[in-house]
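Reproduced below: data.tsv, with TSV, C-alpha atoms.
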chain	number	residue	atom	x	y	z
A	224	GLU	CA	0.00	0.00	0.00
A	225	THR	CA	1.50	3.34	-1.06
A	226	GLY	CA	1.04	6.49	0.96
A	227	VAL	CA	0.08	9.96	-0.21
A	228	THR	CA	2.54	11.43	-2.68
A	229	GLN	CA	2.86	14.99	-3.93
A	230	SER	CA	4.73	16.63	-6.77
A	231	PRO	CA	6.80	18.63	-7.19
A	232	THR	CA	8.58	18.84	-3.84
A	233	HIS	CA	9.73	22.40	-4.40
A	234	LEU	CA	8.66	25.10	-6.81
A	235	ILE	CA	9.66	28.70	-7.44
A	236	LYS	CA	7.33	31.07	-9.29
A	237	THR	CA	7.01	34.80	-9.77
A	238	ARG	CA	4.07	37.02	-8.97
A	239	GLY	CA	1.22	36.76	-11.44
A	240	GLN	CA	2.13	33.29	-12.66
A	241	GLN	CA	-0.02	30.21	-12.36
A	242	VAL	CA	0.92	26.93	-10.67
A	243	THR	CA	-0.42	23.38	-10.58
A	244	LEU	CA	0.36	21.04	-7.72
A	245	ARG	CA	-0.39	17.33	-7.84
A	246	CYS	CA	-1.39	14.72	-5.30
A	247	SER	CA	-1.82	10.97	-5.48
A	248	SER	CA	-4.08	9.66	-2.75
A	249	GLN	CA	-3.43	6.60	-0.66
A	250	SER	CA	-4.75	3.40	-2.17
A	251	GLY	CA	-8.46	2.93	-1.47
A	252	HIS	CA	-9.11	6.54	-0.40
A	253	ASN	CA	-11.81	8.51	-2.24
A	254	THR	CA	-11.42	11.89	-0.56
A	255	VAL	CA	-8.65	14.46	-0.99
A	256	SER	CA	-8.21	17.61	1.05
A	257	TRP	CA	-5.77	20.45	0.42
A	258	TYR	CA	-4.18	22.66	3.06
A	259	GLN	CA	-1.89	25.68	2.98
A	260	GLN	CA	0.71	26.02	5.72
A	261	ALA	CA	2.56	29.30	6.10
A	262	LEU	CA	5.85	29.30	7.96
A	263	GLY	CA	5.34	28.89	11.69
A	264	GLN	CA	1.58	28.38	11.38
A	265	GLY	CA	-0.71	25.38	11.39
A	266	PRO	CA	-2.20	24.08	8.14
A	267	GLN	CA	-5.24	25.98	6.84
A	268	PHE	CA	-7.98	24.13	4.97
A	269	ILE	CA	-8.37	25.14	1.32
A	270	PHE	CA	-10.93	22.64	0.01
A	271	GLN	CA	-11.89	18.98	-0.14
A	272	TYR	CA	-12.85	16.75	-3.07
A	273	TYR	CA	-14.97	13.63	-2.81
A	274	ARG	CA	-15.71	11.52	-5.89
A	275	GLU	CA	-14.58	14.32	-8.21
A	276	GLU	CA	-16.84	16.98	-6.64
A	277	GLU	CA	-15.83	19.83	-4.33
A	278	ASN	CA	-17.09	18.87	-0.87
A	279	GLY	CA	-16.28	21.92	1.21
A	280	ARG	CA	-14.13	25.00	0.93
A	281	GLY	CA	-12.21	27.16	3.35
A	282	ASN	CA	-11.69	30.91	3.26
A	283	PHE	CA	-9.62	31.06	0.09
A	284	PRO	CA	-10.31	33.17	-3.02
A	285	PRO	CA	-11.56	31.66	-6.29
A	286	ARG	CA	-8.10	31.81	-7.82
A	287	PHE	CA	-7.47	28.67	-5.76
A	288	SER	CA	-9.18	25.85	-7.65
A	289	GLY	CA	-8.92	22.11	-7.80
A	290	LEU	CA	-9.75	18.92	-9.58
A	291	GLN	CA	-10.13	15.31	-8.60
A	292	PHE	CA	-9.75	12.59	-11.18
A	293	PRO	CA	-11.52	9.20	-11.47
A	294	ASN	CA	-8.51	7.50	-9.85
A	295	TYR	CA	-8.97	9.95	-6.91
A	296	SER	CA	-5.72	11.79	-7.55
A	297	SER	CA	-6.04	15.55	-7.37
A	298	GLU	CA	-4.63	18.86	-8.55
A	299	LEU	CA	-4.50	22.24	-6.87
A	300	ASN	CA	-4.31	25.22	-9.21
A	301	VAL	CA	-3.45	28.72	-8.11
A	302	ASN	CA	-3.79	31.61	-10.56
A	303	ALA	CA	-2.32	35.10	-10.35
A	304	LEU	CA	0.20	34.14	-7.69
A	305	GLU	CA	0.86	36.60	-4.88
A	306	LEU	CA	3.83	36.79	-2.54
A	307	ASP	CA	1.63	35.62	0.36
A	308	ASP	CA	0.94	32.38	-1.50
A	309	SER	CA	4.44	31.25	-0.54
A	310	ALA	CA	3.81	28.27	1.74
A	311	LEU	CA	3.88	24.51	2.13
A	312	TYR	CA	0.89	23.00	0.34
A	313	LEU	CA	-0.29	19.76	1.87
A	314	CYS	CA	-2.57	17.15	0.43
A	315	ALA	CA	-4.38	14.63	2.60
A	316	SER	CA	-6.40	11.62	1.58
A	317	SER	CA	-9.05	9.74	3.51
A	318	HIS	CA	-12.28	7.83	3.43
A	319	GLN	CA	-15.55	9.65	4.09
A	320	GLY	CA	-15.95	8.65	7.69
A	321	PRO	CA	-14.27	8.31	11.08
A	322	ASP	CA	-10.86	7.46	9.66
A	323	THR	CA	-8.20	10.10	9.91
A	324	GLN	CA	-6.70	12.08	7.06
A	325	TYR	CA	-3.31	10.90	5.84
A	326	PHE	CA	-1.03	13.71	4.75
A	327	GLY	CA	1.59	13.79	2.05
A	328	PRO	CA	5.00	15.44	2.45
A	329	GLY	CA	3.84	18.67	0.83
A	330	THR	CA	5.00	20.96	-1.95
A	331	ARG	CA	7.03	24.00	-0.93
A	332	LEU	CA	5.98	26.93	-3.13
A	333	THR	CA	8.03	30.11	-3.19
A	334	VAL	CA	6.63	33.16	-4.96
A	335	LEU	CA	9.15	35.88	-5.81
B	203	LEU	CA	-15.80	24.77	15.95
B	204	ALA	CA	-14.29	24.66	19.41
B	205	LYS	CA	-11.23	26.86	19.81
B	206	THR	CA	-8.14	25.29	21.34
B	207	THR	CA	-5.29	26.82	23.31
B	208	GLN	CA	-1.90	25.16	23.68
B	209	PRO	CA	1.51	26.32	24.89
B	210	ILE	CA	3.58	27.74	22.05
B	211	SER	CA	6.65	25.73	22.92
B	212	MET	CA	8.10	23.22	25.40
B	213	ASP	CA	11.57	21.91	26.09
B	214	SER	CA	12.49	18.50	27.44
B	215	TYR	CA	15.36	16.06	27.72
B	216	GLU	CA	15.67	12.57	26.40
B	217	GLY	CA	14.06	9.95	28.62
B	218	GLN	CA	11.65	12.34	30.30
B	219	GLU	CA	7.87	12.18	30.14
B	220	VAL	CA	6.30	15.14	28.36
B	221	ASN	CA	2.78	16.34	28.99
B	222	ILE	CA	1.20	18.86	26.62
B	223	THR	CA	-2.09	20.34	27.75
B	224	CYS	CA	-4.74	21.73	25.46
B	225	SER	CA	-7.67	23.89	26.59
B	226	HIS	CA	-10.99	23.65	24.76
B	227	ASN	CA	-13.56	25.33	26.98
B	228	ASN	CA	-16.42	25.33	24.44
B	229	ILE	CA	-16.12	21.72	23.31
B	230	ALA	CA	-19.42	20.35	22.00
B	231	THR	CA	-21.09	17.17	23.20
B	232	ASN	CA	-20.27	15.23	20.03
B	233	ASP	CA	-16.71	16.57	19.67
B	234	TYR	CA	-13.67	14.34	19.89
B	235	ILE	CA	-10.14	15.43	20.71
B	236	THR	CA	-7.46	14.51	18.20
B	237	TRP	CA	-3.72	15.09	18.31
B	238	TYR	CA	-1.40	15.31	15.33
B	239	GLN	CA	2.39	15.41	15.15
B	240	GLN	CA	4.32	17.24	12.46
B	241	PHE	CA	8.02	16.97	11.70
B	242	PRO	CA	9.77	19.68	9.66
B	243	SER	CA	8.99	19.52	5.94
B	244	GLN	CA	6.44	16.74	6.44
B	245	GLY	CA	2.67	16.61	6.69
B	246	PRO	CA	0.95	16.15	10.04
B	247	ARG	CA	0.56	12.60	11.31
B	248	PHE	CA	-2.32	11.31	13.46
B	249	ILE	CA	-1.19	10.34	16.96
B	250	ILE	CA	-4.26	9.67	19.06
B	251	GLN	CA	-7.95	10.46	19.43
B	252	GLY	CA	-10.27	10.30	22.40
B	253	TYR	CA	-13.64	11.35	23.78
B	254	LYS	CA	-13.32	10.95	27.54
B	255	THR	CA	-11.18	9.49	30.35
B	256	LYS	CA	-8.01	7.89	29.04
B	257	VAL	CA	-6.84	6.51	25.72
B	258	THR	CA	-3.49	4.83	25.20
B	259	ASN	CA	-1.72	3.52	22.13
B	260	GLU	CA	1.83	2.54	21.29
B	261	VAL	CA	2.87	6.18	20.83
B	262	ALA	CA	1.10	8.22	23.49
B	263	SER	CA	-1.63	8.53	26.10
B	264	LEU	CA	-4.46	11.02	26.10
B	265	PHE	CA	-6.06	12.11	29.36
B	266	ILE	CA	-9.44	13.84	29.29
B	267	PRO	CA	-11.09	14.99	32.55
B	268	ALA	CA	-14.79	14.58	33.18
B	269	ASP	CA	-15.70	18.14	32.12
B	270	ARG	CA	-13.74	17.65	28.85
B	271	LYS	CA	-12.69	21.31	28.84
B	272	SER	CA	-9.06	20.32	28.53
B	273	SER	CA	-6.93	17.36	27.54
B	274	THR	CA	-3.35	16.26	28.05
B	275	LEU	CA	-1.17	14.44	25.56
B	276	SER	CA	1.44	12.39	27.37
B	277	LEU	CA	4.59	11.19	25.61
B	278	PRO	CA	6.51	8.65	27.72
B	279	ARG	CA	10.31	8.72	27.71
B	280	VAL	CA	10.82	11.08	24.78
B	281	SER	CA	13.74	10.79	22.42
B	282	LEU	CA	15.35	13.29	20.05
B	283	SER	CA	13.08	12.01	17.28
B	284	ASP	CA	10.03	13.28	19.18
B	285	THR	CA	11.11	16.85	18.41
B	286	ALA	CA	8.15	18.13	16.42
B	287	VAL	CA	5.09	20.36	16.49
B	288	TYR	CA	2.05	18.86	18.20
B	289	TYR	CA	-1.46	20.00	17.32
B	290	CYS	CA	-4.61	19.56	19.36
B	291	LEU	CA	-7.84	19.50	17.31
B	292	VAL	CA	-11.43	19.37	18.50
B	293	GLY	CA	-14.33	18.37	16.29
B	294	PRO	CA	-16.64	15.57	15.18
B	295	ARG	CA	-15.17	12.10	15.04
B	296	ASP	CA	-15.51	11.63	11.29
B	297	THR	CA	-12.34	13.52	10.50
B	298	GLY	CA	-12.03	11.83	7.14
B	299	ARG	CA	-14.81	13.91	5.64
B	300	ARG	CA	-14.28	17.22	7.43
B	301	ALA	CA	-11.97	20.17	7.24
B	302	LEU	CA	-9.38	19.87	9.98
B	303	THR	CA	-8.86	23.11	11.91
B	304	PHE	CA	-5.29	23.45	13.14
B	305	GLY	CA	-4.05	26.08	15.55
B	306	SER	CA	-0.40	27.04	15.82
B	307	GLY	CA	0.48	23.94	17.82
B	308	THR	CA	3.10	23.30	20.48
B	309	ARG	CA	6.71	23.13	19.35
B	310	LEU	CA	8.46	20.43	21.42
B	311	GLN	CA	12.24	20.49	21.49
B	312	VAL	CA	13.93	17.41	22.97
B	313	GLN	CA	17.56	17.80	23.94
B	314	PRO	CA	20.14	15.12	24.70
Let me see the structure of the file written as structure tokens.
Amino acid sequence: ETGVTQSPTHLIKTRGQQVTLRCSSQSGHNTVSWYQQALGQGPQFIFQYYREEENGRGNFPPRFSGLQFPNYSSELNVNALELDDSALYLCASSHQGPDTQYFGPGTRLTVL
Amino acid sequence: LAKTTQPISMDSYEGQEVNITCSHNNIATNDYITWYQQFPSQGPRFIIQGYKTKVTNEVASLFIPADRKSSTLSLPRVSLSDTAVYYCLVGPRDTGRRALTFGSGTRLQVQP
């Protein structure tokens, strides 16, 4: 059984650019959640996808969007990057239920 | 969602027992208490979850008093590898389908 994987591990972009981050969920999990973690802070919920549909969203602007594919992998897209978007982006997969969320190692995004 | 309060940081030495207390005065009747551990440049990892009294697993113990307004994560005989940030979360048990709300956590530094 493979765990949650994310790519790339590190990424550098400039303001105004667009970025796509990818996540492969743990085998058997149908739910993917994305979190943003600024330096020194706890992770903040961006949104969750369940069976290819958005299933909840945190306080993030529309330029943060996502997709979930039939194999339950997921993408996070961020348009018009801002300096404050620099953070560790975490993906977590789970079942819809009492089981916990299993986090990947994250993608470190730096916006210059 | 119930707000949680934890110490910002704690220091300990190898072999000592570490107790991290979390306050959650407005915990709801159906809320559970869940603790996560996060190492640098990794995603959070589930440690333990409980509703009342005491829960123990191979990693830690969780003590919850009768009024449930606080909880204590106990790490027996810590080692250097226990240096991490520990997060206390309060919410419904079905964490797989919900947005996890992280605070700033407690940064534990274990020294030799």
| So how many Å separate CA of Ser247 in chain A and CA of His233 in chain A, to one decimal? |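 The value is 16.3 Å.
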| query | Of the candidates A:Cys246, A:Leu313, A:Leu234, A:Val301, which one gets nearest to chain B if we count all atoms listed in the file? | reply |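 For chain B, the nearest of the given residues is A:Leu313.
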| request: Pick out the closest residue to chain A from this set: B:Val261, B:Leu302, B:Ile250, B:Ala286. Count all atoms listed in the file. | output: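 Of B:Val261, B:Leu302, B:Ile250, B:Ala286, the one nearest chain A is B:Leu302, counting all atoms listed in the file.
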| task | Fewer than 5 positions away in the same chain doesn't count, so skip those; otherwise give me all residues within 7 Å of Phe270 in chain A, counting only C-alpha atoms, as a list in words. | result |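 Counting only C-alpha atoms, the residues come to Ser256, Trp257, Gly279, Arg280 and Gly281 of chain A.
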For the residues in the current selection, export C-alpha atoms as a CSV table (one decimal), in the frame of the given file.
chain,number,residue,atom,x,y,z
A,256,SER,CA,-8.2,17.6,1.0
A,257,TRP,CA,-5.8,20.4,0.4
A,279,GLY,CA,-16.3,21.9,1.2
A,280,ARG,CA,-14.1,25.0,0.9
A,281,GLY,CA,-12.2,27.2,3.4
| What are the residues of chain A that have an atom within 7 Å of an atom of chain B, counting only C-alpha atoms, as a list of chain:residue names? |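 My answer is A:Gln264, A:Gly265, A:Pro266, A:Gln267, A:Phe268, A:Leu313, A:Ser317, A:His318, A:Gln319, A:Gly320, A:Pro321, A:Asp322, A:Thr323, A:Gln324, A:Tyr325, A:Phe326, A:Gly327, A:Pro328, A:Gly329.
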| query | Distance CA of Ser250 in chain A-CA of Leu290 in chain A, one decimal place? | reply | 17.9 Å
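Distances to Ser211 in chain B were evaluated for A:Val242, A:Leu299, A:Gly263, A:Ser230 using all atoms listed in the file, and the minimum falls at A:Gly263.
Our summary of the geometry notes that CA of Ser296 in chain A is positioned 20.5 Å from CA of Gln260 in chain A.
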| field | Shell of 7 Å around Asp213 in chain B, only C-alpha atoms, local chain residues under 4 positions omitted, as number ranges by chain | value | B: 310-312
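Nearest to Ile269 in chain A of all the residues A:Gly239, A:Ser297, A:Leu304, A:Tyr312 is A:Tyr312, based on only C-alpha atoms.
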Calculate, to one decimal in Å, the centre and edge lengths of the box along x, y and z of the file that holds all listed atoms of range 290-308 of chain B with 8 Å of margin on each side, and present them as JSON.
{"center_x": -6.8, "center_y": 19.3, "center_z": 13.1, "size_x": 35.7, "size_y": 31.4, "size_z": 30.8}
| Using all atoms listed in the file, which of the listed residues (A:Leu311, A:Leu262, A:Ile235, A:Leu306) sits closest to Thr333 in chain A? | A:Ile235
| Hey, which of A:Ser248, A:Ser316, A:Thr243, A:Thr228 ends up closest to Leu332 in chain A? Count all atoms listed in the file. |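 Of A:Ser248, A:Ser316, A:Thr243, A:Thr228, the one nearest Leu332 in chain A, counting all atoms listed in the file, is A:Thr243.
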